[in-house]
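J.: My structure is below; once you've seen it, I'll send some questions.
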Amino acid sequence: MKSYKINRNDAGQRVDKFITKTVPKLPQSLMYKYIRIKRIKLNHSRCEISTRLKEGDILELYINDEFFEAPSENDFLLVSSKIEVVYEDENILIVDKPCGLVVHEDDENTIDTLINRIKKYLYEKGEYSPEEEASFAPSLCNRLDRNTEGLVICAKNAESLRILNLAVKERKIRKKYLCAVVGEPIPHEAVIKAYLVKNEAENTVRIYDKPVNNAKEISTGYKVHSTNGDLSLCEIDLITGRTHQIRAHMAHIGHPVLGDGKYGLGEINKRYSVKTQALQAHSLRFELGDIGGSLSYLEGKEFTAKTAWFQEKFFPDHK
């Protein structure tokens with residue numbers, strides 16, 4: 001038998017959802033059976049699958065030990081806690097991710113990830129203890145490619161994660177990017193539309209001007225801030241957020257991101273000795289409206305990353 005005391009981050013979940021996350025080895029069919037025959041109890045009494053957990057509840061599971069996973073190693077303790085904090089309060093953390101750092105573990109099982117660094121940082125501050133959490137861990141609300149730098153949001157608790165995930169889904173967090181592209185886009189400001197098809201096996205996308213099978217419509221706004229005719233510094237308004245959208249879409253209109261190894265121009269990248277994409281998640285603005293809830297205090301706030309490396313290198317006069 002094992003019991004769980006429901007804390008703030010676990011409250012509000014259905015019983016079955018909590019058990020699925022906390023005891024993943026327990027088959028769903030058995031879980032339903034054990035709830036029915038009272039081998040799973042809530043506050044010493046029978047419960048229903050759909051019962052919502054409240055802070056302070058005690059959930060008891062009278063099931064075989066084989067279903068409980070052995071305590072996992074806290075790999076995050078092995079990494080550095082070095083992160084660049086842009087903003088932090090009791091609910092969220094906004095960090096400026098450097099180029100070259102992955103956000104989550106990848107196919108190579110990289111331990112040194114942004115989320116592990118954040119867990120270590122919060123652990124050292126006494127704000128996160130995995131031993132005290134049954135189903136929650138600090139979680140990222142947006143992702144960036146390894147070689148894209150810039151702002152990433154992390155939720156410190158379950159309520160904030162729920163609000164932020166909904167905000168991202170409903171596009172209530174306005175995200176803008178900076179990039180250095182090859183050539184000079186004409187006109188200097190436009191919203192361009194196209195259709196994107198993802199190749200999962202190759203982790204690439206293709207852009208089409210007209211609808212094709214399995215394509216998703218994309219929309220990208222751009223504005224040229226500075227240009228020397230050879231390179232241009234552009235601000236990107238990511239209206240839809242598809243895989244590799246900025247890189248592939250700008251390449252499709254003839255102005256690939258400098259340093260992009262997948263969609264860029266090798267000759268130009270070599271000429272400028274740039275081996276990583278000149279792309280930064282530059283700013284975030286919260287426009288939460290009626291979904292803000294406990295994060296309503298963020299309404300209208302905007303956060304900006306440090307000056308991008310490619311801006312300093314190729315457009316030093318641009319402010």
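Ligands are numbered from 1 in the order shown, chains are lettered A, B, ... in the order of the structure tokens, and residues start at 1 in each chain.
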Set the distance at 7 Å and use only C-alpha atoms: which residues neighbour region 122-135 of chain A once local chain neighbours fewer than 3 positions away are removed? I'd like the list as an mmCIF file with all heavy atoms, in the first residue's frame.
T.:
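Now in out.cif:
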```cif
data_model
loop_
_atom_site.group_PDB
_atom_site.id
_atom_site.type_symbol
_atom_site.label_atom_id
_atom_site.label_comp_id
_atom_site.auth_asym_id
_atom_site.auth_seq_id
_atom_site.Cartn_x
_atom_site.Cartn_y
_atom_site.Cartn_z
ATOM 1 N N ASP A 10 -0.989 19.228 -7.015
ATOM 2 C CA ASP A 10 -1.770 18.063 -7.434
ATOM 3 C C ASP A 10 -3.269 18.312 -7.365
ATOM 4 O O ASP A 10 -4.052 17.573 -7.961
ATOM 5 C CB ASP A 10 -1.417 16.846 -6.563
ATOM 6 C CG ASP A 10 0.029 16.438 -6.694
ATOM 7 O OD1 ASP A 10 0.566 16.546 -7.807
ATOM 8 O OD2 ASP A 10 0.641 16.039 -5.684
ATOM 9 N N PHE A 18 -4.450 11.783 -12.035
ATOM 10 C CA PHE A 18 -3.367 11.810 -11.064
ATOM 11 C C PHE A 18 -2.682 10.446 -10.982
ATOM 12 O O PHE A 18 -1.448 10.347 -11.000
ATOM 13 C CB PHE A 18 -3.908 12.192 -9.684
ATOM 14 C CG PHE A 18 -2.881 12.110 -8.586
ATOM 15 C CD1 PHE A 18 -2.012 13.160 -8.343
ATOM 16 C CD2 PHE A 18 -2.778 10.970 -7.788
ATOM 17 C CE1 PHE A 18 -1.059 13.086 -7.333
ATOM 18 C CE2 PHE A 18 -1.833 10.887 -6.782
ATOM 19 C CZ PHE A 18 -0.968 11.941 -6.552
ATOM 20 N N LYS A 21 -0.428 9.588 -14.031
ATOM 21 C CA LYS A 21 0.870 10.256 -14.025
ATOM 22 C C LYS A 21 1.775 9.763 -12.912
ATOM 23 O O LYS A 21 2.987 9.665 -13.079
ATOM 24 C CB LYS A 21 0.674 11.776 -13.891
ATOM 25 C CG LYS A 21 0.126 12.437 -15.137
ATOM 26 C CD LYS A 21 0.166 13.948 -15.034
ATOM 27 C CE LYS A 21 -0.910 14.481 -14.120
ATOM 28 N NZ LYS A 21 -0.975 15.968 -14.144
ATOM 29 N N THR A 22 1.183 9.429 -11.771
ATOM 30 C CA THR A 22 1.981 9.075 -10.594
ATOM 31 C C THR A 22 2.373 7.607 -10.568
ATOM 32 O O THR A 22 3.453 7.242 -10.084
ATOM 33 C CB THR A 22 1.184 9.418 -9.311
ATOM 34 O OG1 THR A 22 0.711 10.767 -9.394
ATOM 35 C CG2 THR A 22 2.062 9.283 -8.070
ATOM 36 N N ILE A 118 17.048 24.642 -14.786
ATOM 37 C CA ILE A 118 16.030 25.366 -14.029
ATOM 38 C C ILE A 118 15.645 24.594 -12.773
ATOM 39 O O ILE A 118 15.502 25.170 -11.687
ATOM 40 C CB ILE A 118 14.797 25.635 -14.921
ATOM 41 C CG1 ILE A 118 15.138 26.694 -15.972
ATOM 42 C CG2 ILE A 118 13.608 26.060 -14.081
ATOM 43 C CD1 ILE A 118 14.042 26.935 -16.984
ATOM 44 N N LYS A 119 15.471 23.269 -12.897
ATOM 45 C CA LYS A 119 15.150 22.462 -11.718
ATOM 46 C C LYS A 119 16.246 22.581 -10.663
ATOM 47 O O LYS A 119 15.960 22.709 -9.465
ATOM 48 C CB LYS A 119 14.962 20.992 -12.125
ATOM 49 C CG LYS A 119 13.684 20.708 -12.885
ATOM 50 C CD LYS A 119 13.615 19.234 -13.274
ATOM 51 C CE LYS A 119 12.352 18.925 -14.061
ATOM 52 N NZ LYS A 119 12.308 17.496 -14.481
#
```
J.: Using only C-alpha atoms, which protein or nucleic acid residues come within 10 Å of region 276-280 of chain A? Drop anything in the same chain fewer than 2 positions from it, and give the result as a PyMOL selection string.
T.: chain A and resi 96-100+144-151+176-181+233-236+246-247+256-264+269+273-274+282-283+305-311
J.: Work out how far apart CA of Gly12 (chain A) and CA of Leu140 (chain A) are and give it in Å to one decimal.
T.: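 These atoms are spaced 20.2 Å apart.
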J.: Just checking: using only C-alpha atoms, which residue out of A:Leu161, A:Val182, A:Ala215, A:Ile94 ends up closest to Phe314 (chain A)?
T.: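 Of A:Leu161, A:Val182, A:Ala215, A:Ile94, the one nearest Phe314 (chain A) is A:Val182, counting only C-alpha atoms.
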J.: Can you check which residues of region 12-211 of chain A DSSP gives as helix (DSSP H, G or I) on the backbone and send them as a VMD selection string?
T.: chain A and resid 15 to 22 28 to 36 65 to 67 75 to 78 114 to 124 130 to 132 158 to 169
J.: Between CA of Ala281 (chain A) and CA of Leu93 (chain A), what is the distance in Å, rounded to a tenth?
T.: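 Computing it gives 15.5 Å between the two atoms.
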J.: Which is closest to Ser81 (chain A) among A:Arg271, A:Lys120, A:Arg143, A:His104, if we use only C-alpha atoms?
T.: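 Between A:Arg271, A:Lys120, A:Arg143, A:His104, the residue approaching Ser81 (chain A) most closely is A:Lys120.
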J.: Using CA of Asp57 (chain A) and CA of Glu90 (chain A) as the two end points, give the distance in Å to one decimal.
T.: 23.7 Å
J.: Looking only at the backbone, which of the residues in region 32-231 of chain A does DSSP tag as strand (DSSP E), as a PyMOL selection string?
T.: chain A and resi 40-42+45-46+58-61+85-88+92-97+139-140+149-155+173-182+189-199+204-208+216-227+231
J.: Near Glu60 (chain A), counting only C-alpha atoms, which residues have an atom at most 12 Å away, once you skip same-chain residues fewer than 6 positions from it, shown as number ranges by chain?
T.: A: 1-6, 15, 19, 34-35, 38-47
J.: Quick one: write out the picked residues with N, CA and C atoms as a short mmCIF file (atom, residue, chain, number, x, y, z; two decimals), in the first residue's frame?
T.:
```cif
data_model
loop_
_atom_site.label_atom_id
_atom_site.label_comp_id
_atom_site.auth_asym_id
_atom_site.auth_seq_id
_atom_site.Cartn_x
_atom_site.Cartn_y
_atom_site.Cartn_z
N MET A 1 0.84 -1.19 0.00
CA MET A 1 0.00 0.00 0.00
C MET A 1 0.88 1.24 0.00
N LYS A 2 0.43 2.25 -0.72
CA LYS A 2 1.12 3.53 -0.70
C LYS A 2 0.07 4.62 -0.68
N SER A 3 0.35 5.67 0.09
CA SER A 3 -0.59 6.78 0.16
C SER A 3 0.08 8.07 -0.30
N TYR A 4 -0.74 8.96 -0.84
CA TYR A 4 -0.26 10.26 -1.31
C TYR A 4 -1.09 11.35 -0.66
N LYS A 5 -0.40 12.33 -0.08
CA LYS A 5 -1.10 13.52 0.41
C LYS A 5 -1.09 14.56 -0.69
N ILE A 6 -2.26 14.99 -1.07
CA ILE A 6 -2.39 15.89 -2.21
C ILE A 6 -1.98 17.31 -1.81
N VAL A 15 -9.05 11.99 -10.21
CA VAL A 15 -8.35 10.86 -9.58
C VAL A 15 -7.61 10.03 -10.62
N ILE A 19 -3.46 9.38 -10.94
CA ILE A 19 -2.89 8.04 -10.82
C ILE A 19 -2.11 7.67 -12.08
N TYR A 34 -9.66 -1.38 -9.59
CA TYR A 34 -9.27 -1.15 -8.19
C TYR A 34 -10.06 -0.01 -7.57
N ILE A 35 -10.43 0.99 -8.38
CA ILE A 35 -11.30 2.04 -7.85
C ILE A 35 -12.68 1.47 -7.55
N LYS A 38 -12.66 -0.74 -4.39
CA LYS A 38 -12.17 0.02 -3.23
C LYS A 38 -10.77 -0.37 -2.78
N ARG A 39 -9.94 -0.78 -3.73
CA ARG A 39 -8.52 -0.94 -3.42
C ARG A 39 -7.77 0.38 -3.65
N ILE A 40 -8.48 1.33 -4.23
CA ILE A 40 -8.00 2.71 -4.30
C ILE A 40 -9.06 3.57 -3.61
N LYS A 41 -8.65 4.26 -2.55
CA LYS A 41 -9.59 5.04 -1.74
C LYS A 41 -9.13 6.49 -1.61
N LEU A 42 -10.08 7.35 -1.42
CA LEU A 42 -9.80 8.77 -1.19
C LEU A 42 -10.35 9.14 0.17
N ASN A 43 -9.45 9.59 1.04
CA ASN A 43 -9.81 9.93 2.42
C ASN A 43 -10.53 8.77 3.11
N HIS A 44 -9.97 7.56 2.88
CA HIS A 44 -10.42 6.31 3.50
C HIS A 44 -11.79 5.85 3.02
N SER A 45 -12.30 6.45 1.95
CA SER A 45 -13.61 6.09 1.44
C SER A 45 -13.54 5.83 -0.06
N ARG A 46 -14.62 5.27 -0.57
CA ARG A 46 -14.69 5.01 -1.99
C ARG A 46 -14.68 6.32 -2.77
N CYS A 47 -14.08 6.29 -3.96
CA CYS A 47 -14.07 7.48 -4.81
C CYS A 47 -14.47 7.09 -6.21
#
```
J.: Taking into account only C-alpha atoms, which residue in the set A:Ile49, A:Met31, A:Val23, A:Ala248 is nearest to Lys198 (chain A)?
T.: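 Checking each candidate against Lys198 (chain A), we get A:Ala248 as the closest.
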J.: With distances taken over only C-alpha atoms, which residue among A:Asp112, A:Lys223, A:Ala251, A:Asp89 lies nearest Tyr297 (chain A)?
T.: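 Of A:Asp112, A:Lys223, A:Ala251, A:Asp89, the one nearest Tyr297 (chain A) is A:Asp89, counting only C-alpha atoms.
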J.: Show which residues sit within 7 Å of Lys25 (chain A), as a PyMOL selection string. Count only C-alpha atoms, and ignore same-chain residues fewer than 2 positions away.
T.: chain A and resi 23+27+67-68
J.: Those residues you just picked out, can you put them in a file as a PDB file, in the first residue's frame with C-alpha atoms?
T.:
```pdb
ATOM      1  CA  VAL A  23       1.780   5.303 -11.120  1.00  0.00           C
ATOM      2  CA  PRO A  27      -2.665  -0.530 -16.435  1.00  0.00           C
ATOM      3  CA  PHE A  67       3.305  -1.170  -9.989  1.00  0.00           C
ATOM      4  CA  PHE A  68       5.275   1.435  -8.095  1.00  0.00           C
TER       5      PHE A  68
END
```
J.: My list of candidates is A:Cys141, A:Leu53, A:Ile186, A:Val205. Which is closest to His249 (chain A) when distances are computed with only C-alpha atoms?
T.: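 Ranked by minimum distance to His249 (chain A), first place goes to A:Val205.
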J.: Would you kindly return, as a PDB file with N, CA and C atoms, in the first residue's frame, each protein, DNA or RNA residue with an atom no farther than 10 Å from any atom of Val168 (chain A), considering only C-alpha atoms and excluding same-chain residues fewer than 6 positions away?
T.:
```pdb
ATOM      1  N   CYS A 141       6.910  26.266 -20.974  1.00  0.00           N
ATOM      2  CA  CYS A 141       5.654  26.545 -21.673  1.00  0.00           C
ATOM      3  C   CYS A 141       5.865  26.859 -23.139  1.00  0.00           C
ATOM      4  N   ASN A 142       7.094  27.071 -23.551  1.00  0.00           N
ATOM      5  CA  ASN A 142       7.422  27.224 -24.968  1.00  0.00           C
ATOM      6  C   ASN A 142       8.801  26.614 -25.202  1.00  0.00           C
ATOM      7  N   ARG A 174       2.234  37.192 -26.885  1.00  0.00           N
ATOM      8  CA  ARG A 174       2.738  37.713 -28.168  1.00  0.00           C
ATOM      9  C   ARG A 174       4.243  37.515 -28.218  1.00  0.00           C
ATOM     10  N   LYS A 175       4.705  36.726 -29.158  1.00  0.00           N
ATOM     11  CA  LYS A 175       6.132  36.410 -29.269  1.00  0.00           C
ATOM     12  C   LYS A 175       6.709  37.038 -30.536  1.00  0.00           C
ATOM     13  N   GLY A 241       2.572  29.147 -35.022  1.00  0.00           N
ATOM     14  CA  GLY A 241       3.831  28.629 -34.496  1.00  0.00           C
ATOM     15  C   GLY A 241       4.086  27.186 -34.896  1.00  0.00           C
ATOM     16  N   PHE A 286       2.510  39.641 -22.525  1.00  0.00           N
ATOM     17  CA  PHE A 286       1.358  38.907 -22.010  1.00  0.00           C
ATOM     18  C   PHE A 286       0.078  39.679 -22.300  1.00  0.00           C
ATOM     19  N   LEU A 288      -3.232  38.239 -21.654  1.00  0.00           N
ATOM     20  CA  LEU A 288      -3.997  37.103 -21.148  1.00  0.00           C
ATOM     21  C   LEU A 288      -5.500  37.326 -21.129  1.00  0.00           C
TER      22      LEU A 288
END
```
J.: So, counting only C-alpha atoms, which residue among A:Val103, A:Ile92, A:Leu295, A:Ala190 is closest to Asn157 (chain A)?
T.: A:Ile92
